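Listing of my_file09.pdb, PDB, C-alpha atoms
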```
ATOM      1  CA  MET U 244       0.000   0.000   0.000
ATOM      2  CA  ALA U 245       1.392   3.383  -1.024
ATOM      3  CA  LYS U 246       2.129   6.015   1.604
ATOM      4  CA  TYR U 247       0.251   9.269   0.976
ATOM      5  CA  PHE U 248       1.923  12.647   1.500
ATOM      6  CA  ASP U 249      -0.238  15.773   1.499
ATOM      7  CA  VAL U 250       2.308  18.523   0.821
ATOM      8  CA  HIS U 251       1.601  22.253   0.812
ATOM      9  CA  PRO U 252       2.087  23.581  -2.748
ATOM     10  CA  GLU U 253       3.795  26.834  -1.745
ATOM     11  CA  ASN U 254       5.421  25.999   1.598
ATOM     12  CA  PRO U 255       6.293  22.286   1.539
ATOM     13  CA  GLN U 256       6.583  20.818   5.026
ATOM     14  CA  PRO U 257      10.283  20.016   5.633
ATOM     15  CA  ARG U 258       9.421  16.842   7.553
ATOM     16  CA  SER U 259       7.346  15.459   4.677
ATOM     17  CA  ILE U 260      10.002  16.358   2.101
ATOM     18  CA  SER U 261      12.661  14.654   4.237
ATOM     19  CA  GLN U 262      10.526  11.511   4.552
ATOM     20  CA  ILE U 263       9.912  11.384   0.792
ATOM     21  CA  ALA U 264      13.627  11.810   0.056
ATOM     22  CA  ASP U 265      14.487   9.051   2.541
ATOM     23  CA  ALA U 266      11.977   6.769   0.828
ATOM     24  CA  VAL U 267      13.575   7.433  -2.578
ATOM     25  CA  ARG U 268      17.030   6.661  -1.149
ATOM     26  CA  SER U 269      15.579   3.368   0.103
ATOM     27  CA  GLU U 270      14.553   2.358  -3.442
ATOM     28  CA  ALA U 271      10.953   3.615  -3.251
ATOM     29  CA  LEU U 272       9.039   4.370  -6.439
ATOM     30  CA  ILE U 273       7.033   7.564  -6.042
ATOM     31  CA  ALA U 274       4.347   9.427  -7.964
ATOM     32  CA  TYR U 275       4.952  13.166  -7.687
ATOM     33  CA  PRO U 276       3.713  16.442  -9.227
ATOM     34  CA  THR U 277       5.714  18.619 -11.621
ATOM     35  CA  ASP U 278       5.087  21.852 -13.528
ATOM     36  CA  SER U 279       3.655  19.877 -16.436
ATOM     37  CA  CYS U 280       1.944  16.782 -15.017
ATOM     38  CA  TYR U 281       2.481  13.946 -12.563
ATOM     39  CA  ALA U 282       5.559  11.771 -12.950
ATOM     40  CA  LEU U 283       6.874   8.477 -11.653
ATOM     41  CA  GLY U 284      10.267   8.798  -9.997
ATOM     42  CA  CYS U 285      12.955   6.716  -8.327
ATOM     43  CA  ARG U 286      16.595   6.938  -7.268
ATOM     44  CA  LEU U 287      19.152   7.413 -10.009
ATOM     45  CA  GLY U 288      20.678   4.009 -10.704
ATOM     46  CA  SER U 289      17.775   2.003  -9.284
ATOM     47  CA  ARG U 290      17.332  -0.964 -11.606
ATOM     48  CA  ASP U 291      14.240  -2.080  -9.718
ATOM     49  CA  GLY U 292      12.687   1.388 -10.026
ATOM     50  CA  MET U 293      13.338   1.486 -13.766
ATOM     51  CA  GLU U 294      11.781  -1.917 -14.301
ATOM     52  CA  ARG U 295       8.732  -0.989 -12.248
ATOM     53  CA  ILE U 296       8.221   2.190 -14.278
ATOM     54  CA  ARG U 297       8.532   0.164 -17.485
ATOM     55  CA  SER U 298       6.025  -2.343 -16.155
ATOM     56  CA  ILE U 299       3.468   0.298 -15.105
ATOM     57  CA  ARG U 300       3.720   2.173 -18.422
ATOM     58  CA  HIS U 301       4.364  -0.848 -20.698
ATOM     59  CA  LEU U 302       7.600   0.695 -22.020
ATOM     60  CA  ASP U 303      10.358  -0.975 -24.013
ATOM     61  CA  ASP U 304      14.116  -0.544 -23.557
ATOM     62  CA  ARG U 305      14.247   2.292 -26.097
ATOM     63  CA  HIS U 306      12.273   4.637 -23.860
ATOM     64  CA  HIS U 307      14.082   7.827 -22.904
ATOM     65  CA  PHE U 308      13.961   8.183 -19.140
ATOM     66  CA  THR U 309      14.384  11.709 -17.801
ATOM     67  CA  LEU U 310      16.769  12.955 -15.137
ATOM     68  CA  MET U 311      14.818  15.537 -13.137
ATOM     69  CA  CYS U 312      17.513  17.997 -12.051
ATOM     70  CA  ARG U 313      17.486  20.759  -9.445
ATOM     71  CA  ASP U 314      19.393  23.349 -11.469
ATOM     72  CA  PHE U 315      21.602  23.918 -14.484
ATOM     73  CA  ALA U 316      24.789  23.099 -12.587
ATOM     74  CA  GLN U 317      23.451  19.657 -11.685
ATOM     75  CA  LEU U 318      22.148  19.087 -15.201
ATOM     76  CA  GLY U 319      25.617  19.815 -16.557
ATOM     77  CA  GLN U 320      27.075  16.872 -14.631
ATOM     78  CA  PHE U 321      25.018  14.400 -16.653
ATOM     79  CA  VAL U 322      24.955  15.723 -20.227
ATOM     80  CA  HIS U 323      27.338  17.329 -22.702
ATOM     81  CA  VAL U 324      26.170  20.830 -23.647
ATOM     82  CA  ASP U 325      27.998  22.856 -26.302
ATOM     83  CA  LYS U 326      27.919  26.659 -26.458
ATOM     84  CA  ASP U 327      24.902  27.098 -28.742
ATOM     85  CA  VAL U 328      22.843  24.440 -26.996
ATOM     86  CA  PHE U 329      23.836  25.899 -23.626
ATOM     87  CA  ARG U 330      22.190  29.215 -24.458
ATOM     88  CA  ALA U 331      18.982  27.601 -25.699
ATOM     89  CA  VAL U 332      18.631  25.269 -22.728
ATOM     90  CA  LYS U 333      19.604  27.905 -20.167
ATOM     91  CA  ALA U 334      16.985  30.314 -21.539
ATOM     92  CA  SER U 335      14.270  27.653 -21.195
ATOM     93  CA  THR U 336      14.938  26.472 -17.652
ATOM     94  CA  PRO U 337      13.363  25.994 -15.246
ATOM     95  CA  GLY U 338      10.301  25.097 -17.273
ATOM     96  CA  SER U 339       8.167  22.456 -18.940
ATOM     97  CA  TYR U 340      10.840  21.156 -21.310
ATOM     98  CA  THR U 341      12.758  17.902 -21.563
ATOM     99  CA  PHE U 342      16.032  18.046 -23.490
ATOM    100  CA  ILE U 343      17.651  14.981 -25.055
ATOM    101  CA  LEU U 344      21.424  15.345 -25.001
ATOM    102  CA  PRO U 345      24.569  13.189 -25.157
ATOM    103  CA  ALA U 346      25.165  11.642 -21.746
ATOM    104  CA  THR U 347      28.320  11.935 -19.650
ATOM    105  CA  ARG U 348      29.972   9.063 -17.796
ATOM    106  CA  GLU U 349      28.000  10.058 -14.707
ATOM    107  CA  VAL U 350      24.890   8.482 -16.222
ATOM    108  CA  PRO U 351      24.521   4.743 -15.532
ATOM    109  CA  ARG U 352      24.898   2.760 -18.757
ATOM    110  CA  LYS U 353      21.518   1.091 -18.370
ATOM    111  CA  LEU U 354      19.854   4.513 -18.604
ATOM    112  CA  LEU U 355      21.264   5.352 -22.000
ATOM    113  CA  HIS U 356      19.354   5.080 -25.236
ATOM    114  CA  PRO U 357      20.833   1.841 -26.677
ATOM    115  CA  LYS U 358      21.830   3.372 -30.011
ATOM    116  CA  LYS U 359      22.275   7.085 -29.384
ATOM    117  CA  LYS U 360      23.909   7.108 -25.907
ATOM    118  CA  THR U 361      21.660   9.980 -24.914
ATOM    119  CA  VAL U 362      19.460  10.802 -21.938
ATOM    120  CA  GLY U 363      16.593  13.202 -21.249
ATOM    121  CA  VAL U 364      17.120  15.981 -18.715
ATOM    122  CA  ARG U 365      14.919  18.706 -17.320
ATOM    123  CA  ILE U 366      14.675  21.350 -14.584
ATOM    124  CA  PRO U 367      11.124  21.722 -13.259
ATOM    125  CA  ASP U 368       9.490  24.989 -12.233
ATOM    126  CA  HIS U 369       7.579  23.493  -9.302
ATOM    127  CA  VAL U 370       8.067  24.374  -5.622
ATOM    128  CA  VAL U 371       7.478  20.880  -4.209
ATOM    129  CA  THR U 372       9.616  19.113  -6.807
ATOM    130  CA  GLN U 373      12.422  21.612  -6.271
ATOM    131  CA  ALA U 374      12.258  21.098  -2.502
ATOM    132  CA  LEU U 375      12.472  17.341  -2.967
ATOM    133  CA  LEU U 376      15.413  17.598  -5.380
ATOM    134  CA  ALA U 377      17.241  19.920  -2.969
ATOM    135  CA  GLU U 378      16.730  17.479  -0.102
ATOM    136  CA  LEU U 379      17.678  14.482  -2.225
ATOM    137  CA  GLY U 380      20.880  16.067  -3.532
ATOM    138  CA  GLU U 381      20.739  14.206  -6.853
ATOM    139  CA  PRO U 382      18.390  13.905  -9.829
ATOM    140  CA  LEU U 383      15.226  11.826  -9.778
ATOM    141  CA  LEU U 384      14.990   9.234 -12.518
ATOM    142  CA  SER U 385      11.562  10.005 -13.953
ATOM    143  CA  SER U 386       8.919   9.267 -16.536
ATOM    144  CA  THR U 387       5.528  10.878 -17.204
ATOM    145  CA  LEU U 388       2.709   9.151 -15.341
ATOM    146  CA  LEU U 389       0.786   8.204 -18.451
ATOM    147  CA  LEU U 390      -0.861   4.823 -18.192
ATOM    148  CA  PRO U 391      -1.162   2.423 -21.155
ATOM    149  CA  ASP U 392      -4.090   3.074 -23.502
ATOM    150  CA  GLU U 393      -4.925   6.398 -21.807
ATOM    151  CA  GLU U 394      -4.614   9.709 -23.646
ATOM    152  CA  GLU U 395      -3.930  11.966 -20.659
ATOM    153  CA  PRO U 396      -1.818  11.583 -17.501
ATOM    154  CA  LEU U 397      -3.495  11.185 -14.131
ATOM    155  CA  THR U 398      -3.894  14.589 -12.447
ATOM    156  CA  GLN U 399      -5.206  14.033  -8.912
ATOM    157  CA  GLY U 400      -3.150  12.622  -6.060
ATOM    158  CA  TRP U 401      -6.098  10.769  -4.530
ATOM    159  CA  GLU U 402      -6.886   9.098  -7.871
ATOM    160  CA  ILE U 403      -3.269   8.019  -8.300
ATOM    161  CA  LYS U 404      -3.325   6.577  -4.777
ATOM    162  CA  ASP U 405      -6.525   4.718  -5.586
ATOM    163  CA  ARG U 406      -5.373   3.285  -8.920
ATOM    164  CA  LEU U 407      -1.679   2.644  -8.270
ATOM    165  CA  ASP U 408      -1.822   1.807  -4.577
ATOM    166  CA  HIS U 409      -0.090  -1.562  -4.968
ATOM    167  CA  VAL U 410       2.488  -0.675  -7.629
ATOM    168  CA  VAL U 411       4.040   2.523  -6.218
ATOM    169  CA  ASP U 412       5.417   3.096  -2.723
ATOM    170  CA  ALA U 413       4.398   6.716  -2.170
ATOM    171  CA  VAL U 414       2.146   9.387  -3.678
ATOM    172  CA  VAL U 415       2.981  13.070  -3.238
ATOM    173  CA  ASP U 416      -0.097  15.319  -3.478
ATOM    174  CA  SER U 417       0.262  19.099  -3.595
ATOM    175  CA  GLY U 418      -3.004  20.006  -5.304
ATOM    176  CA  ASP U 419      -4.004  20.248  -8.929
ATOM    177  CA  CYS U 420      -1.457  19.230 -11.521
ATOM    178  CA  GLY U 421      -1.508  19.746 -15.283
ATOM    179  CA  THR U 422      -2.428  17.209 -17.935
ATOM    180  CA  GLU U 423       0.080  18.162 -20.609
ATOM    181  CA  PRO U 424       3.533  16.509 -20.604
ATOM    182  CA  THR U 425       6.670  18.497 -21.309
ATOM    183  CA  THR U 426       7.782  19.621 -24.726
ATOM    184  CA  VAL U 427      10.683  17.341 -25.724
ATOM    185  CA  VAL U 428      13.547  18.847 -27.720
ATOM    186  CA  ASP U 429      16.279  16.576 -29.084
ATOM    187  CA  PHE U 430      19.655  18.322 -29.315
ATOM    188  CA  SER U 431      21.697  15.137 -29.725
ATOM    189  CA  GLY U 432      22.296  15.883 -33.410
ATOM    190  CA  GLY U 433      23.435  19.446 -32.752
ATOM    191  CA  GLU U 434      20.255  21.114 -34.028
ATOM    192  CA  ALA U 435      16.955  21.411 -32.168
ATOM    193  CA  GLU U 436      14.439  18.760 -33.193
ATOM    194  CA  ILE U 437      11.056  18.858 -31.492
ATOM    195  CA  VAL U 438      10.008  15.261 -30.894
ATOM    196  CA  ARG U 439       6.978  16.004 -28.703
ATOM    197  CA  TRP U 440       4.879  19.150 -28.576
ATOM    198  CA  GLY U 441       3.755  19.751 -24.994
ATOM    199  CA  ALA U 442       3.430  22.302 -22.212
ATOM    200  CA  GLY U 443       6.542  24.331 -23.096
ATOM    201  CA  ASP U 444       6.432  27.010 -25.829
ATOM    202  CA  THR U 445       8.071  25.587 -28.949
ATOM    203  CA  SER U 446       8.530  28.853 -30.882
ATOM    204  CA  ARG U 447      12.129  29.368 -29.772
ATOM    205  CA  PHE U 448      13.113  25.966 -31.207
ATOM    206  CA  GLU U 449      11.264  26.102 -34.532
TER     207      GLU U 449
END
```

Could you take the file, read its structure, and then write that structure out as structure tokens?
Amino acid sequence: MAKYFDVHPENPQPRSISQIADAVRSEALIAYPTDSCYALGCRLGSRDGMERIRSIRHLDDRHHFTLMCRDFAQLGQFVHVDKDVFRAVKASTPGSYTFILPATREVPRKLLHPKKKTVGVRIPDHVVTQALLAELGEPLLSSTLLLPDEEEPLTQGWEIKDRLDHVVDAVVDSGDCGTEPTTVVDFSGGEAEIVRWGAGDTSRFE
């Protein structure tokens, strides 16, 4: 049965954030809100967490997982960013964008796209997520909480608790969350390629 955390959206309770971070460190799989929609998240490097996310979402091994990062400095530890890409990414963060970039050696091999050696990264503009990332001290390995054969992600914490009670370990609820996933921009080829239109404005990449 999943533990339920009711977290204030503007002033997250430090005790709750600490408990959630401790759960992630202990291999918990959590459902948590972001500035676009709910996501599934686990500790970076957790093989069990990755497999559980794949199982819940019916994903294959070509799926791009996302590293949810606290800030640009942390993001830079996990991906290679050249000068032109740096400016574009920096101008768009924090925000509802996921960027696909060449991975550094800091990224576990099992996270990499099997052919491209890339990984998705993003910096969320969400108070609760930022508090959790600050407490955790490392990125959350994440994927949009979009269930198989459903067109939109789940948006309510209580509904997620009800439907995923036995497949996640914790649900973080901080009020209403959006239904639109991030805009995904692939920079792995050097030029911006929009591979998913979503919550983030695409005009700067077109």

Applied to this file, what does the PyMOL selection byres ((chain U and resi 324-329) around 9) return in terms of residues, put as a short mmCIF file (atom, residue, chain, number, x, y, z; two decimals) with C-alpha atoms, keeping the file's coordinate frame?
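The result, written out as expr-v2.cif:
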```cif
data_model
loop_
_atom_site.label_atom_id
_atom_site.label_comp_id
_atom_site.auth_asym_id
_atom_site.auth_seq_id
_atom_site.Cartn_x
_atom_site.Cartn_y
_atom_site.Cartn_z
CA GLY U 319 25.62 19.82 -16.56
CA VAL U 322 24.96 15.72 -20.23
CA HIS U 323 27.34 17.33 -22.70
CA ARG U 330 22.19 29.22 -24.46
CA ALA U 331 18.98 27.60 -25.70
CA VAL U 332 18.63 25.27 -22.73
CA LYS U 333 19.60 27.90 -20.17
CA ALA U 334 16.98 30.31 -21.54
CA LEU U 344 21.42 15.34 -25.00
CA PRO U 345 24.57 13.19 -25.16
CA PHE U 430 19.66 18.32 -29.32
CA GLY U 433 23.44 19.45 -32.75
CA GLU U 434 20.26 21.11 -34.03
CA ALA U 435 16.95 21.41 -32.17
#
```

Check which residues of stretch 271-336 of chain U sit at most 8 Å from stretch 417-420 of chain U using all atoms listed in the file, and return one row each with the closest pair of atoms and their distance in Å to one decimal, ordered by chain and rising number, as a tab-separated table.
```
residue	atom	partner	partner_atom	distance
U:Pro276	CA	U:Cys420	CA	6.3
U:Thr277	CA	U:Cys420	CA	7.2
U:Asp278	CA	U:Cys420	CA	7.3
U:Ser279	CA	U:Cys420	CA	7.1
U:Cys280	CA	U:Cys420	CA	5.5
U:Tyr281	CA	U:Cys420	CA	6.7
```

For atom CA of U:Val362 and atom CA of U:Ser339, quote the distance in Å rounded to one decimal.
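Going from atom CA of U:Val362 over to atom CA of U:Ser339 covers 16.5 Å.
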
Residue by residue, what does the PyMOL selection byres ((chain U and resi 284) around 8) grab here? Present the result as an MDAnalysis selection string.
chainID U and resid 272:275 282:283 285:286 292 383:386

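Using all atoms listed in the file, the nearest neighbour of U:Arg348 within the list U:Thr445, U:Gln320, U:Ser335, U:Thr387 is U:Gln320.
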
Residue by residue, what does the PyMOL selection byres ((chain U and resi 356) around 12) grab here? Present the result as a compact mmCIF listing (two decimals) with C-alpha atoms, in the coordinates of the input.
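What landed in result33.txt:
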```txt
# COMPACT_ATOMS: atom_id res chain seq x y z
CA ASP U 303 10.36 -0.98 -24.01
CA ASP U 304 14.12 -0.54 -23.56
CA ARG U 305 14.25 2.29 -26.10
CA HIS U 306 12.27 4.64 -23.86
CA HIS U 307 14.08 7.83 -22.90
CA PHE U 308 13.96 8.18 -19.14
CA THR U 309 14.38 11.71 -17.80
CA ILE U 343 17.65 14.98 -25.06
CA LEU U 344 21.42 15.34 -25.00
CA PRO U 345 24.57 13.19 -25.16
CA ALA U 346 25.16 11.64 -21.75
CA VAL U 350 24.89 8.48 -16.22
CA PRO U 351 24.52 4.74 -15.53
CA ARG U 352 24.90 2.76 -18.76
CA LYS U 353 21.52 1.09 -18.37
CA LEU U 354 19.85 4.51 -18.60
CA LEU U 355 21.26 5.35 -22.00
CA PRO U 357 20.83 1.84 -26.68
CA LYS U 358 21.83 3.37 -30.01
CA LYS U 359 22.28 7.08 -29.38
CA LYS U 360 23.91 7.11 -25.91
CA THR U 361 21.66 9.98 -24.91
CA VAL U 362 19.46 10.80 -21.94
CA GLY U 363 16.59 13.20 -21.25
CA SER U 431 21.70 15.14 -29.72
```

Can you sort out the box for stretch 364-376 of chain U, edges along x, y and z, all listed atoms in, 4 Å on every side, with centre and edge lengths in Å to one decimal, as AutoDock Vina command-line options?
```
--center_x 12.3 --center_y 20.5 --center_z -10.6 --size_x 17.6 --size_y 17.0 --size_z 24.2
```

What does the distance from atom CA of U:Arg447 to atom CA of U:Val371 come to in Å, to one decimal?
27.3 Å

Between atom CA of U:Pro252 and atom CA of U:Pro396, distance in Å (one decimal)
19.4 Å

Using only C-alpha atoms: which of U:Met244, U:His251, U:Ile296, U:Gly441 has the shortest distance to U:Asp416
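Residue with the minimum atom-to-atom distance to U:Asp416: U:His251.
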
Of the residues U:Asp265, U:Glu393, U:Glu436, U:Glu423, which is the one nearest to U:Leu376, using all atoms listed in the file?
U:Asp265

Among listed residues U:Val250, U:Ile403, U:Ile366, U:Leu375, nearest U:Gly338 (using all atoms listed in the file)
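Among U:Val250, U:Ile403, U:Ile366, U:Leu375, it is U:Ile366 that comes nearest to U:Gly338.
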
Near U:Lys246, counting only C-alpha atoms, which residues have an atom at most 9 Å away, once you skip same-chain residues fewer than 4 positions from it, shown as a count of residues only?
7

Identify which of the residues U:Ile299, U:Val427, U:Val438, U:Ala316 lies closest to U:Arg406, counting all atoms listed in the file when measuring atom-to-atom distances.
U:Ile299

Counting all atoms listed in the file, figure out which residue out of U:Gln373, U:Ser289, U:Thr336, U:Ser298 gets nearest to U:Glu253.
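Using all atoms listed in the file, U:Glu253 sits closest to U:Gln373.
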